[in-house]
$ cat start-v3.csv   # CSV, C-alpha atoms and all ligand atoms
chain,number,residue,atom,x,y,z
F,724,MET,CA,-12.1,25.8,-43.2
F,725,LYS,CA,-10.7,22.2,-43.1
F,726,THR,CA,-12.6,19.2,-44.4
F,727,GLU,CA,-11.9,15.8,-45.7
F,728,CYS,CA,-12.8,14.1,-49.0
F,729,PRO,CA,-15.4,11.4,-48.2
F,730,ARG,CA,-13.9,9.1,-50.9
F,731,CYS,CA,-10.1,9.4,-50.6
F,732,LYS,CA,-9.9,10.9,-47.1
F,733,GLU,CA,-7.6,13.6,-48.4
F,734,LYS,CA,-7.5,16.6,-45.9
F,735,LEU,CA,-8.6,19.6,-47.8
F,736,GLU,CA,-8.5,23.3,-47.1
F,737,ILE,CA,-11.7,24.9,-48.4
F,738,ASP,CA,-12.5,28.5,-48.8
F,739,ASN,CA,-15.3,29.4,-46.3
F,740,ALA,CA,-17.2,30.9,-49.2
F,741,ASN,CA,-17.7,27.3,-50.5
F,742,ALA,CA,-19.3,26.0,-47.3
F,743,GLY,CA,-22.5,24.1,-48.0
F,744,LEU,CA,-21.7,24.0,-51.7
F,745,LYS,CA,-20.5,21.2,-54.0
F,746,VAL,CA,-16.7,21.0,-54.4
F,747,THR,CA,-14.4,18.7,-56.3
F,748,CYS,CA,-11.6,16.9,-54.6
F,749,PRO,CA,-8.3,17.9,-56.3
F,750,THR,CA,-6.9,14.5,-55.6
F,751,CYS,CA,-9.6,12.0,-56.8
F,752,GLN,CA,-11.9,14.4,-58.6
F,753,HIS,CA,-14.8,13.2,-56.4
F,754,GLU,CA,-17.6,15.8,-56.2
F,755,PHE,CA,-19.1,16.1,-52.7
F,756,GLN,CA,-21.0,18.6,-50.6
F,757,CYS,CA,-18.8,20.7,-48.4
F,758,PRO,CA,-20.0,20.9,-44.8
F,759,GLU,CA,-21.5,24.2,-43.4
F,760,VAL,CA,-19.3,26.4,-41.4
F,761,LYS,CA,-20.1,26.0,-37.7
F,762,THR,CA,-19.1,29.0,-35.8
F,763,ASN,CA,-18.8,28.0,-32.1
F,764,GLN,CA,-18.2,24.3,-32.8
F,765,PRO,CA,-14.3,24.2,-32.6
F,766,LYS,CA,-13.9,24.8,-28.9
F,767,LYS,CA,-16.3,21.9,-28.0
F,768,GLU,CA,-14.7,19.6,-30.5
F,769,VAL,CA,-11.3,20.3,-29.0
F,770,SER,CA,-12.3,19.7,-25.4
F,771,ALA,CA,-14.3,16.5,-25.8
F,772,PRO,CA,-11.5,14.3,-27.3
F,773,ASN,CA,-9.0,15.7,-24.7
F,774,VAL,CA,-11.0,14.3,-21.8
F,775,THR,CA,-11.2,10.9,-23.6
F,776,GLU,CA,-7.5,11.1,-24.3
F,777,LYS,CA,-6.7,11.8,-20.7
F,778,LYS,CA,-8.8,8.9,-19.5
F,779,LEU,CA,-7.2,6.6,-22.1
F,780,LYS,CA,-3.8,7.7,-20.8
F,781,GLU,CA,-4.7,6.9,-17.2
F,782,ILE,CA,-6.0,3.5,-18.2
F,783,THR,CA,-2.9,2.8,-20.2
F,784,LYS,CA,-0.8,3.9,-17.2
F,785,ILE,CA,-2.7,1.5,-14.9
F,786,LEU,CA,-2.3,-1.3,-17.4
F,787,TYR,CA,1.5,-0.6,-17.6
F,788,VAL,CA,1.8,-0.6,-13.8
F,789,GLY,CA,-0.1,-3.9,-13.7
F,790,LEU,CA,2.2,-5.3,-16.4
F,791,ILE,CA,5.3,-4.2,-14.6
F,792,ALA,CA,4.0,-5.2,-11.1
F,793,PHE,CA,2.9,-8.7,-12.2
F,794,PRO,CA,6.3,-10.3,-12.8
F,795,LEU,CA,7.8,-8.4,-9.9
F,796,PHE,CA,5.4,-10.2,-7.6
F,797,GLY,CA,6.3,-13.6,-9.1
F,798,GLY,CA,3.2,-13.5,-11.3
F,799,SER,CA,0.9,-13.9,-8.3
F,800,LEU,CA,-1.9,-11.5,-7.7
F,801,SER,CA,-0.6,-10.4,-4.3
F,802,PHE,CA,0.0,-6.8,-5.6
F,803,ILE,CA,-3.8,-6.3,-5.4
F,804,SER,CA,-4.3,-5.0,-1.9
F,805,ILE,CA,-7.5,-7.0,-1.2
F,806,ILE,CA,-5.5,-10.2,-1.3
F,807,PRO,CA,-3.6,-10.4,2.1
F,808,LYS,CA,0.1,-11.0,1.8
F,809,THR,CA,1.6,-13.9,3.7
F,810,TYR,CA,5.1,-13.7,5.1
F,811,GLN,CA,7.7,-16.1,6.1
F,812,TYR,CA,10.0,-15.1,9.0
F,813,THR,CA,13.6,-15.9,10.0
F,814,ILE,CA,15.9,-14.8,12.8
F,815,THR,CA,19.6,-14.2,12.4
F,816,THR,CA,22.3,-13.4,14.9
F,817,THR,CA,25.2,-11.6,13.3
F,818,PRO,CA,28.4,-10.2,15.0
F,819,ASP,CA,29.0,-6.5,14.6
F,820,LEU,CA,31.9,-7.0,12.2
F,821,GLU,CA,29.8,-8.9,9.7
F,822,LEU,CA,26.7,-6.8,10.1
F,823,TYR,CA,26.8,-4.7,6.9
F,824,GLU,CA,27.6,-7.7,4.8
F,825,LYS,CA,24.7,-9.6,6.3
F,826,LEU,CA,22.3,-6.7,5.8
F,827,ASP,CA,23.2,-6.6,2.1
F,828,PHE,CA,22.9,-10.3,1.7
F,829,MET,CA,19.5,-10.4,3.4
F,830,GLY,CA,18.2,-7.4,1.4
F,831,GLU,CA,19.4,-9.0,-1.9
F,832,ASN,CA,17.4,-12.1,-1.0
F,833,GLY,CA,14.2,-10.1,-0.4
F,834,TRP,CA,14.2,-10.1,3.4
F,835,GLU,CA,12.9,-7.0,5.2
F,836,MET,CA,14.0,-6.3,8.8
F,837,VAL,CA,11.2,-6.5,11.3
F,838,SER,CA,13.2,-5.8,14.4
F,839,ALA,CA,16.8,-5.8,15.6
F,840,ARG,CA,18.4,-5.9,19.1
F,841,ARG,CA,22.0,-5.8,20.1
F,842,ALA,CA,23.2,-8.4,22.6
F,843,SER,CA,26.4,-10.1,23.8
F,844,ILE,CA,26.7,-13.6,22.4
F,845,ASP,CA,29.5,-15.0,24.6
F,846,ASP,CA,31.3,-14.4,27.9
F,847,ASN,CA,33.9,-12.2,26.2
F,848,MET,CA,31.1,-9.7,25.5
F,849,THR,CA,31.3,-10.2,21.8
F,850,MET,CA,28.3,-8.2,20.5
F,851,ALA,CA,25.9,-9.2,17.8
F,852,TYR,CA,22.7,-8.1,16.3
F,853,GLU,CA,19.8,-10.5,16.6
F,854,ILE,CA,17.5,-9.6,13.7
F,855,ILE,CA,14.0,-10.8,12.8
F,856,TRP,CA,13.3,-10.7,9.1
F,857,LYS,CA,10.3,-11.2,7.0
F,858,ARG,CA,9.6,-11.6,3.3
F,859,PRO,CA,6.5,-12.4,1.2
F,860,LYS,CA,6.0,-16.1,0.7
W,1,ZN,ZN,-10.8,12.8,-53.0

$ encode --input "start-v3.csv" --output "C-alpha cells" --more "lines below"
Ligand SMILES: [Zn+2]
Amino acid sequence: MKTECPRCKEKLEIDNANAGLKVTCPTCQHEFQCPEVKTNQPKKEVSAPNVTEKKLKEITKILYVGLIAFPLFGGSLSFISIIPKTYQYTITTTPDLELYEKLDFMGENGWEMVSARRASIDDNMTMAYEIIWKRPK
C-alpha cells in the first residue's frame, strides 16, 4: 500500500502487513502510525477528484475564452450576449472590376456585408455593386 510520511511528506510503499501498525520513515526516521488498509476505497477516491478536475478544466476553458475574447472586442463587454450590440452602417458603390479589392478592404476593416445589389451606374451600362455594410460600433 502507498502512504506518506506525516513529517517529511515522503511517499512510502508499505507492506500491507504493516497496516495500522507503527512504522519508521526511512527518510527522516519519524515514527508514525500506518493507516489501515481500506479495501473498496480506491475506486471512489479516483472518481471524485476526476469530476472536480473536469469542472476545473471547464472553468479554466471559460476563463481562457473570456481572456481571448475581451481584447478582440476592444475590451468592451459586448461579447456577453445579454448586452445588445450596436452597429454602424455604410453604403458603398463599387464597379465590377474593383469589387474583389473592395470586399477585401472592407473585410479587413471589420465591415460585414448586409446586402448587395447590382446596378448600372451610368448611361454606358457600367455595372457596379451597391453594398450595405455594418460593423460593431
Ligand atoms: Zn519522513

$ atom_distance --input "start-v3.csv" --atom1 "atom CA of Ile854 of chain F" --atom2 "atom CA of Pro807 of chain F"
24.1 Å

$ closest_atom_pairs --input "start-v3.csv" --of "chain F" --to "ligand ZN 1 (chain W)" --cutoff "7 Å" --atoms "all atoms listed in the file" --output "CSV"
residue,atom,partner,partner_atom,distance
F:Cys728,CA,W:ZN1,ZN,4.7
F:Pro729,CA,W:ZN1,ZN,6.8
F:Arg730,CA,W:ZN1,ZN,5.3
F:Cys731,CA,W:ZN1,ZN,4.2
F:Lys732,CA,W:ZN1,ZN,6.3
F:Glu733,CA,W:ZN1,ZN,5.7
F:Cys748,CA,W:ZN1,ZN,4.5
F:Pro749,CA,W:ZN1,ZN,6.6
F:Thr750,CA,W:ZN1,ZN,5.0
F:Cys751,CA,W:ZN1,ZN,4.1
F:Gln752,CA,W:ZN1,ZN,5.9
F:His753,CA,W:ZN1,ZN,5.3

$ atom_distance --input "start-v3.csv" --atom1 "atom CA of Ala842 of chain F" --atom2 "atom CA of Lys860 of chain F"
28.9 Å

$ closest_residue --input "start-v3.csv" --among "F:Thr817, F:Leu786, F:Leu779, F:Ile737" --to "Met829 of chain F" --atoms "all atoms listed in the file"
F:Thr817

$ atom_distance --input "start-v3.csv" --atom1 "atom CA of Glu831 of chain F" --atom2 "atom CA of Thr816 of chain F"
17.6 Å

$ residues_around --input "start-v3.csv" --residues "Asn741 of chain F" --least-positions-apart "3" --cutoff "12 Å" --atoms "only C-alpha atoms" --output "list in words"
Met724, Lys725, Thr726, Glu736, Ile737, Asp738, Leu744, Lys745, Val746, Thr747, Phe755, Gln756, Cys757, Pro758, Glu759 and Val760 of chain F

$ residues_around --input "start-v3.csv" --residues "Ala851 of chain F" --least-positions-apart "4" --cutoff "10 Å" --atoms "only C-alpha atoms" --output "ChimeraX atom specification"
/F:815-822,839-845

$ closest_residue --input "start-v3.csv" --among "F:Asp846, F:Val774, F:Leu790, F:Ile855" --to "Leu826 of chain F" --atoms "only C-alpha atoms"
F:Ile855

$ closest_residue --input "start-v3.csv" --among "F:Trp834, F:Tyr823, F:Tyr787, F:Phe828" --to "Gln811 of chain F" --atoms "all atoms listed in the file"
F:Trp834

$ closest_residue --input "start-v3.csv" --among "F:Ala742, F:Ile814, F:Val837, F:Ile785" --to "Glu853 of chain F" --atoms "only C-alpha atoms"
F:Ile814

$ closest_residue --input "start-v3.csv" --among "F:Lys734, F:Met836, F:Pro859, F:Glu754" --to "Thr809 of chain F" --atoms "all atoms listed in the file"
F:Pro859

$ residues_around --input "start-v3.csv" --residues "Tyr812 of chain F" --least-positions-apart "3" --cutoff "8 Å" --atoms "all atoms listed in the file" --output "number ranges by chain"
F: 855-858

$ decode --input "start-v3.csv" --residues "segment 806-841 of chain F" --atoms "N, CA and C atoms" --output "PDB file, in the first residue's frame"
ATOM      1  N   ILE F 806     -25.785  41.894 -23.446  1.00  0.00           N
ATOM      2  CA  ILE F 806     -25.584  43.297 -23.792  1.00  0.00           C
ATOM      3  C   ILE F 806     -25.766  43.430 -25.304  1.00  0.00           C
ATOM      4  N   PRO F 807     -26.805  44.170 -25.759  1.00  0.00           N
ATOM      5  CA  PRO F 807     -27.043  44.240 -27.210  1.00  0.00           C
ATOM      6  C   PRO F 807     -25.909  44.981 -27.923  1.00  0.00           C
ATOM      7  N   LYS F 808     -25.574  44.449 -29.100  1.00  0.00           N
ATOM      8  CA  LYS F 808     -24.528  45.071 -29.910  1.00  0.00           C
ATOM      9  C   LYS F 808     -25.132  46.243 -30.671  1.00  0.00           C
ATOM     10  N   THR F 809     -24.391  47.285 -30.833  1.00  0.00           N
ATOM     11  CA  THR F 809     -24.839  48.376 -31.692  1.00  0.00           C
ATOM     12  C   THR F 809     -23.916  48.423 -32.906  1.00  0.00           C
ATOM     13  N   TYR F 810     -24.511  48.709 -34.047  1.00  0.00           N
ATOM     14  CA  TYR F 810     -23.764  48.703 -35.298  1.00  0.00           C
ATOM     15  C   TYR F 810     -23.759  50.088 -35.922  1.00  0.00           C
ATOM     16  N   GLN F 811     -22.732  50.300 -36.719  1.00  0.00           N
ATOM     17  CA  GLN F 811     -22.749  51.450 -37.613  1.00  0.00           C
ATOM     18  C   GLN F 811     -22.872  50.907 -39.036  1.00  0.00           C
ATOM     19  N   TYR F 812     -23.451  51.671 -39.915  1.00  0.00           N
ATOM     20  CA  TYR F 812     -23.719  51.215 -41.277  1.00  0.00           C
ATOM     21  C   TYR F 812     -23.092  52.160 -42.285  1.00  0.00           C
ATOM     22  N   THR F 813     -22.753  51.597 -43.443  1.00  0.00           N
ATOM     23  CA  THR F 813     -22.313  52.437 -44.541  1.00  0.00           C
ATOM     24  C   THR F 813     -22.713  51.773 -45.858  1.00  0.00           C
ATOM     25  N   ILE F 814     -22.810  52.564 -46.914  1.00  0.00           N
ATOM     26  CA  ILE F 814     -23.170  52.035 -48.229  1.00  0.00           C
ATOM     27  C   ILE F 814     -22.055  52.401 -49.212  1.00  0.00           C
ATOM     28  N   THR F 815     -21.622  51.398 -49.972  1.00  0.00           N
ATOM     29  CA  THR F 815     -20.598  51.671 -50.989  1.00  0.00           C
ATOM     30  C   THR F 815     -21.153  51.270 -52.350  1.00  0.00           C
ATOM     31  N   THR F 816     -20.665  51.950 -53.388  1.00  0.00           N
ATOM     32  CA  THR F 816     -20.995  51.555 -54.756  1.00  0.00           C
ATOM     33  C   THR F 816     -19.674  51.296 -55.477  1.00  0.00           C
ATOM     34  N   THR F 817     -19.465  50.063 -55.882  1.00  0.00           N
ATOM     35  CA  THR F 817     -18.175  49.662 -56.426  1.00  0.00           C
ATOM     36  C   THR F 817     -18.339  49.003 -57.787  1.00  0.00           C
ATOM     37  N   PRO F 818     -17.647  49.544 -58.831  1.00  0.00           N
ATOM     38  CA  PRO F 818     -17.691  48.911 -60.145  1.00  0.00           C
ATOM     39  C   PRO F 818     -17.197  47.466 -60.091  1.00  0.00           C
ATOM     40  N   ASP F 819     -17.723  46.638 -60.965  1.00  0.00           N
ATOM     41  CA  ASP F 819     -17.383  45.213 -61.004  1.00  0.00           C
ATOM     42  C   ASP F 819     -15.879  44.943 -60.916  1.00  0.00           C
ATOM     43  N   LEU F 820     -15.109  45.736 -61.702  1.00  0.00           N
ATOM     44  CA  LEU F 820     -13.676  45.466 -61.801  1.00  0.00           C
ATOM     45  C   LEU F 820     -12.939  45.638 -60.466  1.00  0.00           C
ATOM     46  N   GLU F 821     -13.485  46.469 -59.605  1.00  0.00           N
ATOM     47  CA  GLU F 821     -12.817  46.752 -58.313  1.00  0.00           C
ATOM     48  C   GLU F 821     -13.436  45.975 -57.159  1.00  0.00           C
ATOM     49  N   LEU F 822     -14.396  45.117 -57.514  1.00  0.00           N
ATOM     50  CA  LEU F 822     -15.212  44.516 -56.456  1.00  0.00           C
ATOM     51  C   LEU F 822     -14.404  43.699 -55.451  1.00  0.00           C
ATOM     52  N   TYR F 823     -13.550  42.786 -55.944  1.00  0.00           N
ATOM     53  CA  TYR F 823     -12.825  41.898 -55.022  1.00  0.00           C
ATOM     54  C   TYR F 823     -11.890  42.677 -54.115  1.00  0.00           C
ATOM     55  N   GLU F 824     -11.260  43.687 -54.705  1.00  0.00           N
ATOM     56  CA  GLU F 824     -10.372  44.545 -53.920  1.00  0.00           C
ATOM     57  C   GLU F 824     -11.164  45.235 -52.803  1.00  0.00           C
ATOM     58  N   LYS F 825     -12.350  45.702 -53.177  1.00  0.00           N
ATOM     59  CA  LYS F 825     -13.206  46.411 -52.221  1.00  0.00           C
ATOM     60  C   LYS F 825     -13.673  45.478 -51.105  1.00  0.00           C
ATOM     61  N   LEU F 826     -14.051  44.245 -51.492  1.00  0.00           N
ATOM     62  CA  LEU F 826     -14.506  43.278 -50.492  1.00  0.00           C
ATOM     63  C   LEU F 826     -13.402  43.010 -49.475  1.00  0.00           C
ATOM     64  N   ASP F 827     -12.176  42.823 -49.971  1.00  0.00           N
ATOM     65  CA  ASP F 827     -11.034  42.589 -49.075  1.00  0.00           C
ATOM     66  C   ASP F 827     -10.830  43.768 -48.140  1.00  0.00           C
ATOM     67  N   PHE F 828     -10.863  44.958 -48.739  1.00  0.00           N
ATOM     68  CA  PHE F 828     -10.619  46.173 -47.969  1.00  0.00           C
ATOM     69  C   PHE F 828     -11.643  46.329 -46.836  1.00  0.00           C
ATOM     70  N   MET F 829     -12.915  46.140 -47.186  1.00  0.00           N
ATOM     71  CA  MET F 829     -13.972  46.310 -46.188  1.00  0.00           C
ATOM     72  C   MET F 829     -13.874  45.235 -45.106  1.00  0.00           C
ATOM     73  N   GLY F 830     -13.580  44.008 -45.534  1.00  0.00           N
ATOM     74  CA  GLY F 830     -13.439  42.907 -44.576  1.00  0.00           C
ATOM     75  C   GLY F 830     -12.315  43.163 -43.589  1.00  0.00           C
ATOM     76  N   GLU F 831     -11.197  43.651 -44.115  1.00  0.00           N
ATOM     77  CA  GLU F 831     -10.044  43.938 -43.251  1.00  0.00           C
ATOM     78  C   GLU F 831     -10.366  45.031 -42.248  1.00  0.00           C
ATOM     79  N   ASN F 832     -11.313  45.878 -42.579  1.00  0.00           N
ATOM     80  CA  ASN F 832     -11.672  46.968 -41.678  1.00  0.00           C
ATOM     81  C   ASN F 832     -12.876  46.637 -40.806  1.00  0.00           C
ATOM     82  N   GLY F 833     -13.230  45.380 -40.786  1.00  0.00           N
ATOM     83  CA  GLY F 833     -14.257  44.921 -39.855  1.00  0.00           C
ATOM     84  C   GLY F 833     -15.685  45.058 -40.362  1.00  0.00           C
ATOM     85  N   TRP F 834     -15.860  45.389 -41.619  1.00  0.00           N
ATOM     86  CA  TRP F 834     -17.217  45.545 -42.160  1.00  0.00           C
ATOM     87  C   TRP F 834     -17.767  44.204 -42.612  1.00  0.00           C
ATOM     88  N   GLU F 835     -19.041  44.013 -42.332  1.00  0.00           N
ATOM     89  CA  GLU F 835     -19.733  42.784 -42.730  1.00  0.00           C
ATOM     90  C   GLU F 835     -20.868  43.183 -43.671  1.00  0.00           C
ATOM     91  N   MET F 836     -20.980  42.435 -44.788  1.00  0.00           N
ATOM     92  CA  MET F 836     -21.985  42.775 -45.784  1.00  0.00           C
ATOM     93  C   MET F 836     -23.391  42.482 -45.254  1.00  0.00           C
ATOM     94  N   VAL F 837     -24.278  43.441 -45.422  1.00  0.00           N
ATOM     95  CA  VAL F 837     -25.681  43.232 -45.046  1.00  0.00           C
ATOM     96  C   VAL F 837     -26.477  42.844 -46.287  1.00  0.00           C
ATOM     97  N   SER F 838     -26.284  43.597 -47.361  1.00  0.00           N
ATOM     98  CA  SER F 838     -26.952  43.254 -48.616  1.00  0.00           C
ATOM     99  C   SER F 838     -26.168  43.849 -49.778  1.00  0.00           C
ATOM    100  N   ALA F 839     -26.384  43.281 -50.951  1.00  0.00           N
ATOM    101  CA  ALA F 839     -25.710  43.786 -52.139  1.00  0.00           C
ATOM    102  C   ALA F 839     -26.666  43.689 -53.318  1.00  0.00           C
ATOM    103  N   ARG F 840     -26.618  44.695 -54.191  1.00  0.00           N
ATOM    104  CA  ARG F 840     -27.404  44.593 -55.422  1.00  0.00           C
ATOM    105  C   ARG F 840     -26.573  45.162 -56.555  1.00  0.00           C
ATOM    106  N   ARG F 841     -26.779  44.610 -57.719  1.00  0.00           N
ATOM    107  CA  ARG F 841     -26.002  45.025 -58.880  1.00  0.00           C
ATOM    108  C   ARG F 841     -26.848  45.996 -59.688  1.00  0.00           C
TER     109      ARG F 841
END
